[in-house]
Amino acid sequence: MAKRNEKDFYDALEAARKPMGSGKHPFSLTWIDGGLSRTQLGQWAVQHYYYISAIPQQFAALYARMPDAKGRALLMENLVGEEMPETPEKSHPNLLLKFAKACGVDPQTVIDAEANGEVLGASRAMRAWIWELATIRPMHESCAGIMVALEGQLPTLFPGYISAMEKMGFSEDELEFFHVHVENDVEHARIGLELCNKYAETVHMQNMAIEAVRGSASLRYSMLSQIHEALQVKKAA
């Protein structure tokens, strides 16, 4: 079987994340419809922080494994954008802590969630999967599962979140975590597609990259399901 051409491969990668896209999840739909309280959004932030707080180190691990200078150059923008070494308060984990504080959750409470037994199993699975992609999986799977599957969803997902939260009275500064992903992740997803195409040299490798996208999208969907269930239980109580 011949290797897919670039356009067909890109189309297949992007199509693979759509059936389990986070934007279709009931939790996201409730959020977009304004059905979540600040308290519930703060609890989401606790779980999401656990999932994304290691992303800078994970990107660094992936960068260290990347076999060629061009690939490393493409990934460097992602790494610097996550870590923001010149303005560390603007790192993505720190921006999420700022959002949590706006929801009424003390940042230290977010940081200590694991030690306090508050991290859900699906959040642990999501973070562990990203570590696997960053450190073990072949490059075509790593780039597909992280940049295409996950970063690629946010530019279309987060605008709905932002609109709902603006109506709740959140300021632009408090929503900076969401704004930066809308602004930057279109390019990050494009870089992911380029790297996938570069490293997937056979149709089998292309298929594995596509499966990595499905895997990431499915795990993130499951994470939202468990968060949604946990919040509903708390609401009922």
# chains A, B, ... in the order shown; residues from 1 in each chain; ligands from 1

$ residues_around --residues "segment 150-156 of chain A" --least-positions-apart "6" --cutoff "12 Å" --atoms "only C-alpha atoms" --output "MDAnalysis selection string"
chainID A and resid 10 13:24 28 32 51:52 55 78 82 126 129:130 142:144 162 177:193 212:221

$ write_last_selection --atoms "N, CA and C atoms" --output "compact mmCIF listing (two decimals), in the first residue's frame"
# COMPACT_ATOMS: atom_id res chain seq x y z
N TYR A 10 -2.67 14.58 6.32
CA TYR A 10 -3.13 15.64 7.21
C TYR A 10 -4.63 15.51 7.46
N LEU A 13 -5.28 12.62 9.86
CA LEU A 13 -4.90 12.96 11.23
C LEU A 13 -5.96 13.84 11.89
N GLU A 14 -6.40 14.85 11.18
CA GLU A 14 -7.37 15.76 11.77
C GLU A 14 -8.74 15.09 11.94
N ALA A 15 -9.09 14.22 11.00
CA ALA A 15 -10.37 13.50 11.11
C ALA A 15 -10.37 12.55 12.30
N ALA A 16 -9.20 12.02 12.67
CA ALA A 16 -9.13 11.02 13.73
C ALA A 16 -9.50 11.58 15.09
N ARG A 17 -9.34 12.88 15.29
CA ARG A 17 -9.66 13.45 16.61
C ARG A 17 -11.11 13.88 16.73
N LYS A 18 -11.84 13.94 15.62
CA LYS A 18 -13.19 14.52 15.65
C LYS A 18 -14.23 13.66 16.35
N PRO A 19 -14.25 12.32 16.18
CA PRO A 19 -15.31 11.54 16.84
C PRO A 19 -15.31 11.68 18.36
N MET A 20 -14.13 11.88 18.96
CA MET A 20 -14.04 12.04 20.41
C MET A 20 -13.52 13.43 20.76
N GLY A 21 -13.83 14.40 19.94
CA GLY A 21 -13.39 15.76 20.20
C GLY A 21 -14.01 16.31 21.48
N SER A 22 -13.22 17.06 22.24
CA SER A 22 -13.70 17.57 23.52
C SER A 22 -14.87 18.53 23.37
N GLY A 23 -14.97 19.19 22.22
CA GLY A 23 -16.07 20.13 22.02
C GLY A 23 -17.43 19.48 21.99
N LYS A 24 -17.48 18.18 21.72
CA LYS A 24 -18.76 17.46 21.68
C LYS A 24 -19.15 16.88 23.03
N SER A 28 -18.29 20.04 28.06
CA SER A 28 -17.97 21.23 27.28
C SER A 28 -19.24 21.96 26.85
N ILE A 32 -20.11 25.78 27.70
CA ILE A 32 -20.39 26.77 26.65
C ILE A 32 -21.77 27.39 26.84
N TYR A 51 -2.91 17.67 34.80
CA TYR A 51 -2.65 17.15 33.46
C TYR A 51 -1.58 17.97 32.72
N ILE A 52 -1.63 19.31 32.80
CA ILE A 52 -0.73 20.12 31.96
C ILE A 52 0.50 20.67 32.67
N ILE A 55 3.76 19.63 31.19
CA ILE A 55 3.94 19.79 29.75
C ILE A 55 5.29 20.42 29.39
N ASN A 78 7.21 25.72 20.61
CA ASN A 78 6.26 25.14 21.56
C ASN A 78 6.83 25.12 22.97
N GLU A 82 5.45 27.27 26.20
CA GLU A 82 4.92 26.65 27.41
C GLU A 82 5.62 27.15 28.66
N MET A 126 -4.20 10.70 31.68
CA MET A 126 -3.90 11.68 30.63
C MET A 126 -2.45 12.14 30.73
N TRP A 129 -0.04 9.33 29.77
CA TRP A 129 -0.01 9.10 28.33
C TRP A 129 0.89 10.12 27.64
N ILE A 130 0.82 11.38 28.08
CA ILE A 130 1.70 12.39 27.48
C ILE A 130 3.15 12.08 27.78
N SER A 142 4.43 10.56 18.65
CA SER A 142 4.54 11.60 19.67
C SER A 142 3.96 12.91 19.19
N CYS A 143 4.36 13.34 18.01
CA CYS A 143 3.89 14.62 17.48
C CYS A 143 2.40 14.58 17.19
N ALA A 144 1.93 13.44 16.69
CA ALA A 144 0.50 13.31 16.40
C ALA A 144 -0.33 13.35 17.68
N ILE A 162 -14.46 30.74 26.50
CA ILE A 162 -14.18 32.15 26.80
C ILE A 162 -15.46 32.97 26.77
N PHE A 177 -5.04 32.22 30.17
CA PHE A 177 -4.70 30.83 29.84
C PHE A 177 -5.41 30.36 28.59
N PHE A 178 -6.68 30.71 28.47
CA PHE A 178 -7.47 30.28 27.32
C PHE A 178 -7.13 31.08 26.06
N HIS A 179 -6.92 32.37 26.24
CA HIS A 179 -6.60 33.22 25.09
C HIS A 179 -5.30 32.80 24.41
N VAL A 180 -4.28 32.48 25.19
CA VAL A 180 -2.99 32.16 24.57
C VAL A 180 -3.07 30.87 23.77
N HIS A 181 -3.92 29.95 24.18
CA HIS A 181 -4.06 28.71 23.42
C HIS A 181 -4.82 28.94 22.11
N VAL A 182 -5.81 29.81 22.16
CA VAL A 182 -6.53 30.14 20.92
C VAL A 182 -5.57 30.80 19.93
N GLU A 183 -4.71 31.67 20.44
CA GLU A 183 -3.80 32.43 19.58
C GLU A 183 -2.65 31.58 19.05
N ASN A 184 -2.15 30.66 19.85
CA ASN A 184 -0.91 29.97 19.50
C ASN A 184 -1.08 28.57 18.95
N ASP A 185 -2.15 27.90 19.30
CA ASP A 185 -2.20 26.47 19.01
C ASP A 185 -2.57 26.12 17.58
N VAL A 186 -3.08 27.07 16.81
CA VAL A 186 -3.23 26.81 15.38
C VAL A 186 -1.86 26.54 14.77
N GLU A 187 -0.89 27.38 15.13
CA GLU A 187 0.47 27.20 14.62
C GLU A 187 1.10 25.94 15.20
N HIS A 188 0.85 25.66 16.47
CA HIS A 188 1.43 24.47 17.07
C HIS A 188 0.89 23.20 16.41
N ALA A 189 -0.39 23.20 16.10
CA ALA A 189 -0.96 22.04 15.41
C ALA A 189 -0.38 21.90 14.02
N ARG A 190 -0.15 23.04 13.34
CA ARG A 190 0.46 22.99 12.01
C ARG A 190 1.86 22.39 12.08
N ILE A 191 2.61 22.79 13.08
CA ILE A 191 3.95 22.23 13.28
C ILE A 191 3.85 20.74 13.54
N GLY A 192 2.87 20.33 14.34
CA GLY A 192 2.68 18.91 14.60
C GLY A 192 2.41 18.13 13.34
N LEU A 193 1.56 18.67 12.46
CA LEU A 193 1.28 18.00 11.19
C LEU A 193 2.56 17.87 10.36
N ALA A 212 -2.47 7.31 17.32
CA ALA A 212 -2.05 8.13 18.46
C ALA A 212 -2.99 9.31 18.65
N VAL A 213 -3.46 9.88 17.54
CA VAL A 213 -4.44 10.96 17.63
C VAL A 213 -5.73 10.44 18.26
N ARG A 214 -6.20 9.30 17.80
CA ARG A 214 -7.43 8.73 18.38
C ARG A 214 -7.25 8.45 19.87
N GLY A 215 -6.09 7.91 20.23
CA GLY A 215 -5.83 7.60 21.63
C GLY A 215 -5.85 8.82 22.51
N SER A 216 -5.20 9.88 22.07
CA SER A 216 -5.17 11.11 22.87
C SER A 216 -6.55 11.73 23.00
N ALA A 217 -7.27 11.80 21.89
CA ALA A 217 -8.60 12.39 21.93
C ALA A 217 -9.52 11.59 22.84
N SER A 218 -9.43 10.27 22.77
CA SER A 218 -10.27 9.41 23.60
C SER A 218 -9.95 9.58 25.08
N LEU A 219 -8.67 9.65 25.42
CA LEU A 219 -8.29 9.80 26.82
C LEU A 219 -8.74 11.14 27.38
N ARG A 220 -8.62 12.19 26.57
CA ARG A 220 -9.06 13.51 27.04
C ARG A 220 -10.58 13.53 27.20
N TYR A 221 -11.29 12.87 26.32
CA TYR A 221 -12.74 12.77 26.44
C TYR A 221 -13.11 12.05 27.74

$ residues_around --residues "Thr202 of chain A" --least-positions-apart "3" --cutoff "10 Å" --atoms "only C-alpha atoms" --output "NGL selection string"
:A and (1-4 or 197 or 199 or 205-208)

$ write_last_selection --atoms "C-alpha atoms" --output "PDB file, in the first residue's frame"
ATOM      1  CA  MET A   1       0.000   0.000   0.000  1.00  0.00           C
ATOM      2  CA  ALA A   2       1.399   3.362  -1.009  1.00  0.00           C
ATOM      3  CA  LYS A   3       2.093   5.981   1.602  1.00  0.00           C
ATOM      4  CA  ARG A   4      -0.611   8.665   1.756  1.00  0.00           C
ATOM      5  CA  ASN A 197       4.638  13.938   7.881  1.00  0.00           C
ATOM      6  CA  TYR A 199       8.802  11.236  10.529  1.00  0.00           C
ATOM      7  CA  MET A 205       3.880   4.624  10.518  1.00  0.00           C
ATOM      8  CA  GLN A 206       1.155   6.929   9.220  1.00  0.00           C
ATOM      9  CA  ASN A 207      -1.482   4.556  10.574  1.00  0.00           C
ATOM     10  CA  MET A 208       0.198   4.522  13.979  1.00  0.00           C
TER      11      MET A 208
END

$ atom_distance --atom1 "atom CA of Ala209 of chain A" --atom2 "atom CA of Ala54 of chain A"
22.4 Å

$ residues_around --residues "Arg38 of chain A" --least-positions-apart "5" --cutoff "10 Å" --atoms "only C-alpha atoms" --output "count of residues only"
10

$ closest_residue --among "A:Val80, A:Leu175, A:Lys198, A:Asn5" --to "Pro159 of chain A" --atoms "only C-alpha atoms"
A:Leu175

$ closest_residue --among "A:Glu174, A:Glu114, A:Asp106, A:Glu166" --to "Thr39 of chain A" --atoms "only C-alpha atoms"
A:Asp106

$ select_by_dssp --residues "segment 4-102 of chain A" --states "helix (DSSP H, G or I)" --output "PyMOL selection string"
chain A and resi 6-17+22-24+26-32+38-52+55-65+69-83+88-90+92-102

$ atom_distance --atom1 "atom CA of Ser222 of chain A" --atom2 "atom CA of Ile146 of chain A"
16.1 Å

$ closest_atom_pairs --of "segment 20-70 of chain A" --to "segment 83-95 of chain A" --cutoff "7 Å" --atoms "only C-alpha atoms" --output "tab-separated table"
residue	atom	partner	partner_atom	distance
A:Tyr49	CA	A:Pro93	CA	6.5
A:Ile52	CA	A:Pro93	CA	6.7
A:Ser53	CA	A:Pro93	CA	5.2
A:Pro56	CA	A:Glu83	CA	5.6

$ atom_distance --atom1 "atom CA of Met147 of chain A" --atom2 "atom CA of Phe9 of chain A"
14.9 Å

$ residues_around --residues "Ala45 of chain A" --least-positions-apart "6" --cutoff "8 Å" --atoms "only C-alpha atoms" --output "count of residues only"
5

$ closest_residue --among "A:Ile136, A:Leu195, A:Val203, A:Leu224" --to "Val148 of chain A" --atoms "only C-alpha atoms"
A:Leu195

$ closest_residue --among "A:Ala12, A:Leu75, A:Leu231, A:Ala64" --to "Ile210 of chain A" --atoms "only C-alpha atoms"
A:Ala12
